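What follows is a set of notes on a single structure, which appears directly below.
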Amino acid sequence: MLLISCPWCGPREESEFSYGGEAHIVRPKDPDALSDLEWADYLFMRNNPSGRYLERWLHAAGCRRWFNAERDTVSYKIKSVYKISDPAPRGDE
Amino acid sequence: MKKYSLYGLIRNSFNHQENWPRVWRSLQPKVEYDVIIVGAGGHGLATAYYLAKEHGVTNVAVLEKGYVGGGSVGRNTTIVRSNYLWDETSYLYEMSMKLWEGLSQELNFNLMFSQRGVLNLFHNEQEKRDTARRVNSNRLNGIDAELLNTEQVKKLVPILNTSPDARYPVLGASLQRRGGTARHDAVAWGFARAADARGVDIIQNCEVTGIRIEGGQVTGVDTTRGIIKARKVAVAVAADTSTLASMAGLRLPIDTHPLQALVSEPIKPVMHTVVMSNAVHAYVSQTDKGELIIGAGIDHYNGFGMRGSYSIIEGTMEAVVDVFPIFSRLRLLRHWAGSVDICPDASPIISKTHVKGLYFNCGWGTGGFKATPGSGWVYAYTIARDQPHPLNEPFSIERFTTGYLIDEHGAAAVAH
Amino acid sequence: MKSPLDSSRSQPYRLATGGRIDRAKPLTFTFNGKRLQGYQGDTVASALLANGVRLVGRSFKYHRPRGIVGSGPEEPNAILQVGRGALTTPNLQATEVELAEGLQAGSVNCWPSVEHDIGAINGLFSRFLPPGFYYKTFMWPSRMWKTYERFIRKAAGLGVSPKEPDPDRYDRMNTHCDVLVVGGGPAGLAAALEAGRAGARVILADERRELGGSLLDGRDEIDGAPALEWVNAASRELASMKEVRLLLRSTVFGYYDHNFLTVLQRLSTDSTSISRPLIKERVWRVRAKQVVLATGAIERPLVFPNNDRPGVMLASAVSAYVNRYAVAPGSRPLVFTNNDSAYRTVLDLAEAGIPVQAVVDVRPEPNGPLPSRVKDMGIPVIGGHVIVDVKGTKRVKGVEIMSVDASGERVEGRRRSIRCDLVAVSGGWNPTVHLHCQSGGGTRYDGEKGCFVPDAPAQEERSAGSSKGSFALGDCLGEGLEVGAEAARAAGFGDGRVSTPVPTVEDRAEEPLKAMWVAPSRRPPVREHKQFVDMQEDVTAGDIVLAAREGYDSMQLLNRYTTLGFGTDQGKLGNVNGMGVLANHLGADIESVGTITFRPPYTSVTFGAIAGREIGGLLDPVRKTAIHRWHIEHRAVMEDVGQWKRPWYYPQPGESMEDAVNRECMAARNAVALLDQSTLGKIDVQGPDAAEFLNRVYTNNWLKLGIGRARYGLMLSEDGMVMDDGVVIRHGEQHFYLTTTTGGAASVFSWLERWLQTEWPELEVYLTSVTERWSTIALVGPHSRKLLQDLDSDINFEKSSFPFMSIHSGSLAGFPVQVMRVSFSGELAFEINIESDLALAMWQALMKAGEEYDITPYGTEAMHVLRAEKGFIIVGQDTDGSMTPVDMGMGWLLSKDKDYLGKRSLSRSDCVRKDRKQLVGLLSTDGTTILPEGTQLVDDPSAGIPVPISGHVTSSYASACLGHPIALALVKAGRARKGSIIYAALRDGRHVKAEIVSPVFYDPQGERQRV
């Protein structure tokens, strides 16, 4: 049972949040300019690492804001949370 | 391979059962193989077996980072069925079902494949339509399927709560009588033993750390036990698929999530049929030991930690007690998690890649166990001939580019 | 010597004095139908032992007679069915059930009785039943497995499930604390005291009914007084601290991520005399800043031939029964050990006046202070010996011992017999590292202590005392104080320094144990009498060797193959010995053969307790519209639509569903009818960029929609498939109001928020879900305008000023409303939006005013028929997540001059395939057959299996107004096939011929809705 710190509300139970998958996947500005393969990469392909992961969460039963988290997918430890508009934190390993 | 039989047990009783051979050999890896299969789970071992049996390819190594059957094949809820929605998926799972039906004898290992019937309950009008659609499609595809009303369900599983006052009353169910359960560990061991007997090398404690590619052609793998060469490398590692893919510079449409399950203490038999409810989210069967084995939902976050959140366990218990009110005083003995690799359309990938000699079999989500023999069979074909069998052709990686998705969220039972 | 036993004949093995039982409160209970007596404070186990009951159960596989082994959650044998009827509970450990008046308990898994069990025949065949024998046989002939399995299943299970629903209730409680201390023994009490003194919010949880832990079972002294005086003082001090919560009878059973732990608290003991319903158990869901694990240790049994005979017990359990319960588990005990701690049991027995026959110690010369003291008392200590056999079947009658040779691995010399009726065994101690391991921590093997101890913690957690491998009482107290202070400091309280001196204890030094996983014996394990490692699962040392030889030679494979550790005791006694036996066989270090996986829960947990109150009507929230009560009063049959309850149809007396739906449909077509449509999702969209935002999420164009006008909109998922639809209204330049499907309300709202926040933060748009705020009543039918005009209103309902797809605000019958002229039925229709608290009154006003037009309420079924007659789709019924708008005949809704979500996907090769399934109408050619929904469509009714499938029926109804059935279907390349024939393949093998037609069956020009 994760304890997730919403950047606006502070630490809250996992059950208040919904999950948004991998962060920093930017929707292409001009989809028509992409090949099918490039579009598929945006649409479906994911890094899915075992270890450090940047992911999106929504504080669904709270402030209803989306934010990003840096979490380890093996230890489940959350190293940081940051706003959608913030740049991705640099991995220090 | 020394044959297993009742006669063998009796004969061996005179020497205290001490003369049974090893189930598979303990080996050092060779320098080079024709085919390396990464992952000694159900799918990898089945692939090795069918490579040897169907295609005469026996210079094969199965590399396993841990121990045989330590992943999902030993962590699932053991349900076998083939009542999927789309033709493509139905053919694949039904082919698997047909293999299951003779597999204990073929492998000479009792997998305790028990066709006790699988009920998929429905609780509202839309689920009823969807179930009818699936049953009808199954029947036209030669897969046994029946549509039951509430009374028929009650007759089959009297302990089920079929009260119209339930929060989501049972309106009926689909029944696949040929569906059932199998002893999960035995599947891994049985395939391992049979593959080993045909000359396949099974190497435990050998983790693949890199995939060697030269000029677009696979040449081997780096492992914790050194470099092993092969012109064909076939990955069957479920949760760790993306990690292996990244070693070859690939990205796949896979996310790995925890999937939890639990068992009760053993009780005298109270239910014969496997009962699954998608809407209320309870999946229950009773093992031959008497334990109720219960499938829980998927944790929504990505996770490889072989554990999930307690709230999922709570939700599952709520559903189980609601659907089976007499179970309230029974006790949970243990719960655990596996990691499942999920595709966006809840269907698997069994595919070549743009790297020559590199193959992936992944994305089975919650459906991998029941597919084990069929998956191995078509994967072996794909590897041996370097082209997919018609059964797995629709399950290529390209479908994510063309848009030819095979959406099995409804029939996958566990909500993805 | 005077007998130490109570003279009362009812409990022949009750000691005359001592124990933490209340002799003034005798309790009567039954065991296997026999009436027995015990005392308040007993467990069922202690009461059975007091009554001289030794045989309590049968083992799982061989049905061997078994007795009580332990005194706590480690008990493998004494598994009981407790209670009757709806209150019966299977598989309870006798050691864990508190005795209560009238309690009924019985043995499980034996027939006809525990004394004479037919299943014991399995023992005779045991040489044919090696571990995993079932994998090797029952395969021929293949169809026989079902028959074999029927017999196997007869042998399955321990106790029986209740046959009725549970009359008891269960609670959940959420709480936070600074320091959660698990275990109320010396270490835990010390930790809780220090953390509490520092001011931290502390929870101290212990599985027993009183604090003290191992001190309750022994005879230790602290500060020169009986240890329980210290326990009492500590309890008082803790009780006086406002921020400390004591949870007794409370087992911490799970340690999850981010310091989330779960505690099962037993609130009432099972007794038939308590009135129901009562709250039986409560699960505490605890989020702790810091955790102290003072979970103690469980004694390890010794593995030797026939070590499962009733009367072979853990030495610590013997002490517990003597000291805590004043019960003599035997009158002629013998002790078998490899360590000094068992000598405390000898002293306990001696103190209680029970003559110990001998101490058999595997160590050649046990000479530490404890053995010396025992020797001084004249009790024979036989060093360098092991038990090589146990005599007696249903109770121990004696043992045979032999001396161990110089190698320590073989026995030699002559066998010696010693008579005894109790064998107290000790093989050392296993720290209870379960929670530490559940939390992600590892263990390492401590060779000196001969046990696995916790390695570095993975979470905010500290172990102390025996659970860390520090078994001496002084160490437990000292470590407890230290970690209590440290945990408090880490949680922000105090400076981490211990505030009080460590209480003084007289710890008699213990000599090192001699680790021994299986006692040397005359034959190798495979050929020896059964040496049980896991008693409940009937796994012997020989089984482990056989399994390892066959290649199941790592701990994980071994567990799975032999089922070692898979019993209801979760291998608390057997796992480490099993690991040692495997290591012995492989000639390897115990650490190298794998790991023991500690899975939650620590001890079994009641299903109902985990489910709590969220069952039955509380399984999922029930959502009701503001008009719900009226529907019920008017006998509506309700339908579950997601969490909502919606009226399905309103049968009048004597009407069938078909009659009612036909009547409701005809009223809408020919007169006036009304529908409670409040469940539709409603989202208020405002802001300068609102129109641009809608342009991006809907396929069609919104920039030019006039104020006060409405338009149908379609949303796609990013992979181009139809996701949701609804009508969008423009209230103002920067103000829209959109509706979603009932099922899509929450997901569409989240979808919109997601894009807005994560992808287009530059758009200034504000979204508000107003689903519950507004109720919607659809007034449908040719008389709907007249009816509205009859009501007092400032809205002009004439077509000229209120055209189709427009909206007006105003007052209607005195209520403030917004009225939209949209139609999901194809008739002249008005949708009245009203604040939910006024909705019922509005509805009633409409019903009253409509009397003269014979106004008819209609439900979702009639709504479905009406819309199907018009070919309007329902997302989720006529689509399934794999349909593009072009497939659905809605290509006209796709804007070409802008981007929108999902657009790019529509040009992928598969999405432009010519043979994709498309929405069509179907008419059965006989004009009477209703094609069942979900029916598959085929072109060749004579085709063999697998039959090529061309499509399927998504919606199908009898149409009263058309006089024949209609259906909507998805058919491959269907639009080009209009006029051709297709066959509906019914489940009974019949085929119904149907013609492919336009999906619009009624008023194709759309004139009626525009009048």
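Following the order of the structure tokens, chains are lettered A, B, ..., residues in each are numbered from 1, and ligands are numbered from 1.
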
Counting only C-alpha atoms, give me one row per residue of region 201-302 of chain B with an atom at most 9 Å from an atom of region 47-64 of chain A, showing the shortest contact pair and its distance in Å to one decimal, sorted by chain then residue number, as JSON lines.
```
{"residue": "B:Asp240", "atom": "CA", "partner": "A:Ser50", "partner_atom": "CA", "distance": 7.5}
{"residue": "B:Thr241", "atom": "CA", "partner": "A:Asn48", "partner_atom": "CA", "distance": 8.9}
{"residue": "B:Ser242", "atom": "CA", "partner": "A:Asn48", "partner_atom": "CA", "distance": 6.0}
{"residue": "B:Thr243", "atom": "CA", "partner": "A:Pro49", "partner_atom": "CA", "distance": 6.3}
{"residue": "B:Ser246", "atom": "CA", "partner": "A:Asn47", "partner_atom": "CA", "distance": 8.0}
{"residue": "B:Arg251", "atom": "CA", "partner": "A:Asn47", "partner_atom": "CA", "distance": 6.3}
{"residue": "B:Leu252", "atom": "CA", "partner": "A:Asn47", "partner_atom": "CA", "distance": 7.5}
{"residue": "B:Pro253", "atom": "CA", "partner": "A:Asn47", "partner_atom": "CA", "distance": 8.5}
{"residue": "B:Ile254", "atom": "CA", "partner": "A:Asn48", "partner_atom": "CA", "distance": 6.9}
{"residue": "B:Asp255", "atom": "CA", "partner": "A:Asn48", "partner_atom": "CA", "distance": 5.5}
{"residue": "B:Thr256", "atom": "CA", "partner": "A:Asn48", "partner_atom": "CA", "distance": 6.7}
{"residue": "B:Asn302", "atom": "CA", "partner": "A:Asn48", "partner_atom": "CA", "distance": 7.5}
```

Could you write those residues out with N, CA and C atoms, as a short mmCIF file (atom, residue, chain, number, x, y, z; two decimals), in the first residue's frame?
```cif
data_model
loop_
_atom_site.label_atom_id
_atom_site.label_comp_id
_atom_site.auth_asym_id
_atom_site.auth_seq_id
_atom_site.Cartn_x
_atom_site.Cartn_y
_atom_site.Cartn_z
N ASP B 240 9.80 -9.52 -17.40
CA ASP B 240 11.06 -8.86 -17.73
C ASP B 240 11.24 -8.62 -19.23
N THR B 241 10.17 -8.78 -19.98
CA THR B 241 10.23 -8.63 -21.43
C THR B 241 10.88 -7.31 -21.86
N SER B 242 10.43 -6.22 -21.25
CA SER B 242 10.93 -4.91 -21.69
C SER B 242 12.42 -4.78 -21.42
N THR B 243 12.87 -5.37 -20.33
CA THR B 243 14.29 -5.33 -20.00
C THR B 243 15.10 -6.06 -21.07
N SER B 246 15.10 -4.08 -24.31
CA SER B 246 16.00 -2.93 -24.31
C SER B 246 17.44 -3.37 -24.58
N ARG B 251 11.73 -1.28 -28.21
CA ARG B 251 10.69 -0.92 -27.24
C ARG B 251 9.44 -1.69 -27.62
N LEU B 252 8.72 -2.17 -26.62
CA LEU B 252 7.53 -2.97 -26.87
C LEU B 252 6.32 -2.35 -26.18
N PRO B 253 5.14 -2.67 -26.65
CA PRO B 253 3.92 -2.12 -26.03
C PRO B 253 3.52 -2.91 -24.79
N ILE B 254 4.42 -2.95 -23.83
CA ILE B 254 4.22 -3.81 -22.66
C ILE B 254 4.35 -2.98 -21.39
N ASP B 255 3.46 -3.21 -20.48
CA ASP B 255 3.63 -2.71 -19.12
C ASP B 255 3.51 -3.88 -18.16
N THR B 256 4.33 -3.86 -17.14
CA THR B 256 4.37 -4.96 -16.17
C THR B 256 3.69 -4.53 -14.87
N ASN B 302 2.80 0.13 -12.37
CA ASN B 302 3.82 -0.78 -12.87
C ASN B 302 4.60 -1.33 -11.68
#
```

Residues of chain A within 8 Å of chain B: nearest atom pair and distance (Å, one decimal) for each, counting only C-alpha atoms, sorted by chain and number, as JSON lines?
```
{"residue": "A:Met1", "atom": "CA", "partner": "B:Ser309", "partner_atom": "CA", "distance": 4.4}
{"residue": "A:Leu2", "atom": "CA", "partner": "B:Ser309", "partner_atom": "CA", "distance": 7.3}
{"residue": "A:Ser15", "atom": "CA", "partner": "B:Ser311", "partner_atom": "CA", "distance": 7.7}
{"residue": "A:Ser18", "atom": "CA", "partner": "B:His300", "partner_atom": "CA", "distance": 7.8}
{"residue": "A:Tyr19", "atom": "CA", "partner": "B:Tyr301", "partner_atom": "CA", "distance": 6.1}
{"residue": "A:Gly21", "atom": "CA", "partner": "B:Tyr301", "partner_atom": "CA", "distance": 7.2}
{"residue": "A:Asp36", "atom": "CA", "partner": "B:Thr401", "partner_atom": "CA", "distance": 5.7}
{"residue": "A:Leu37", "atom": "CA", "partner": "B:Thr401", "partner_atom": "CA", "distance": 5.5}
{"residue": "A:Trp39", "atom": "CA", "partner": "B:Thr401", "partner_atom": "CA", "distance": 7.6}
{"residue": "A:Ala40", "atom": "CA", "partner": "B:Thr401", "partner_atom": "CA", "distance": 5.1}
{"residue": "A:Phe44", "atom": "CA", "partner": "B:Pro253", "partner_atom": "CA", "distance": 4.9}
{"residue": "A:Met45", "atom": "CA", "partner": "B:Pro253", "partner_atom": "CA", "distance": 4.2}
{"residue": "A:Arg46", "atom": "CA", "partner": "B:Pro253", "partner_atom": "CA", "distance": 5.7}
{"residue": "A:Asn47", "atom": "CA", "partner": "B:Arg251", "partner_atom": "CA", "distance": 6.3}
{"residue": "A:Asn48", "atom": "CA", "partner": "B:Asp255", "partner_atom": "CA", "distance": 5.5}
{"residue": "A:Pro49", "atom": "CA", "partner": "B:Thr243", "partner_atom": "CA", "distance": 6.3}
{"residue": "A:Ser50", "atom": "CA", "partner": "B:Phe304", "partner_atom": "CA", "distance": 6.3}
{"residue": "A:Thr73", "atom": "CA", "partner": "B:Gly303", "partner_atom": "CA", "distance": 4.7}
{"residue": "A:Val74", "atom": "CA", "partner": "B:Gly305", "partner_atom": "CA", "distance": 4.4}
{"residue": "A:Ser75", "atom": "CA", "partner": "B:Gly305", "partner_atom": "CA", "distance": 6.3}
{"residue": "A:Tyr76", "atom": "CA", "partner": "B:Gly305", "partner_atom": "CA", "distance": 7.4}
```

Would you list the contacts of Lys79 (chain A) as a VMD selection string, taking every protein, DNA or RNA residue within 8 Å and counting only C-alpha atoms, but skipping same-chain residues closer than 4 positions in sequence? chain A and resid 69 to 72

Would you save the residues from that selection as a PDB file, in the first residue's frame, using N, CA, C and O atoms?
```pdb
ATOM      1  N   ALA A  69       5.732  11.281 -10.657  1.00  0.00           N
ATOM      2  CA  ALA A  69       6.490  10.711  -9.542  1.00  0.00           C
ATOM      3  C   ALA A  69       7.678   9.942 -10.092  1.00  0.00           C
ATOM      4  O   ALA A  69       7.612   9.392 -11.201  1.00  0.00           O
ATOM      5  N   GLU A  70       8.718   9.944  -9.310  1.00  0.00           N
ATOM      6  CA  GLU A  70       9.894   9.150  -9.620  1.00  0.00           C
ATOM      7  C   GLU A  70       9.887   7.992  -8.634  1.00  0.00           C
ATOM      8  O   GLU A  70      10.065   8.185  -7.432  1.00  0.00           O
ATOM      9  N   ARG A  71       9.625   6.795  -9.137  1.00  0.00           N
ATOM     10  CA  ARG A  71       9.412   5.648  -8.255  1.00  0.00           C
ATOM     11  C   ARG A  71      10.247   4.478  -8.753  1.00  0.00           C
ATOM     12  O   ARG A  71      10.517   4.348  -9.943  1.00  0.00           O
ATOM     13  N   ASP A  72      10.653   3.657  -7.831  1.00  0.00           N
ATOM     14  CA  ASP A  72      11.373   2.438  -8.187  1.00  0.00           C
ATOM     15  C   ASP A  72      10.334   1.316  -8.324  1.00  0.00           C
ATOM     16  O   ASP A  72       9.596   1.046  -7.372  1.00  0.00           O
TER      17      ASP A  72
END
```

Find the residues in chain C near chain B: any atom within 6 Å counts, using only C-alpha atoms. Write them as a ChimeraX atom specification. /C:127-128,135-137,139,153,156-160,162-166,550-551,600-601,604-608,610-611,615-617,908-910,933-935,945-947

Quick one: which residues from chain C are at most 8 Å off chain A, using only C-alpha atoms, as a ChimeraX atom specification? /C:256-258,260,718-719,754,757-759,904-905,908
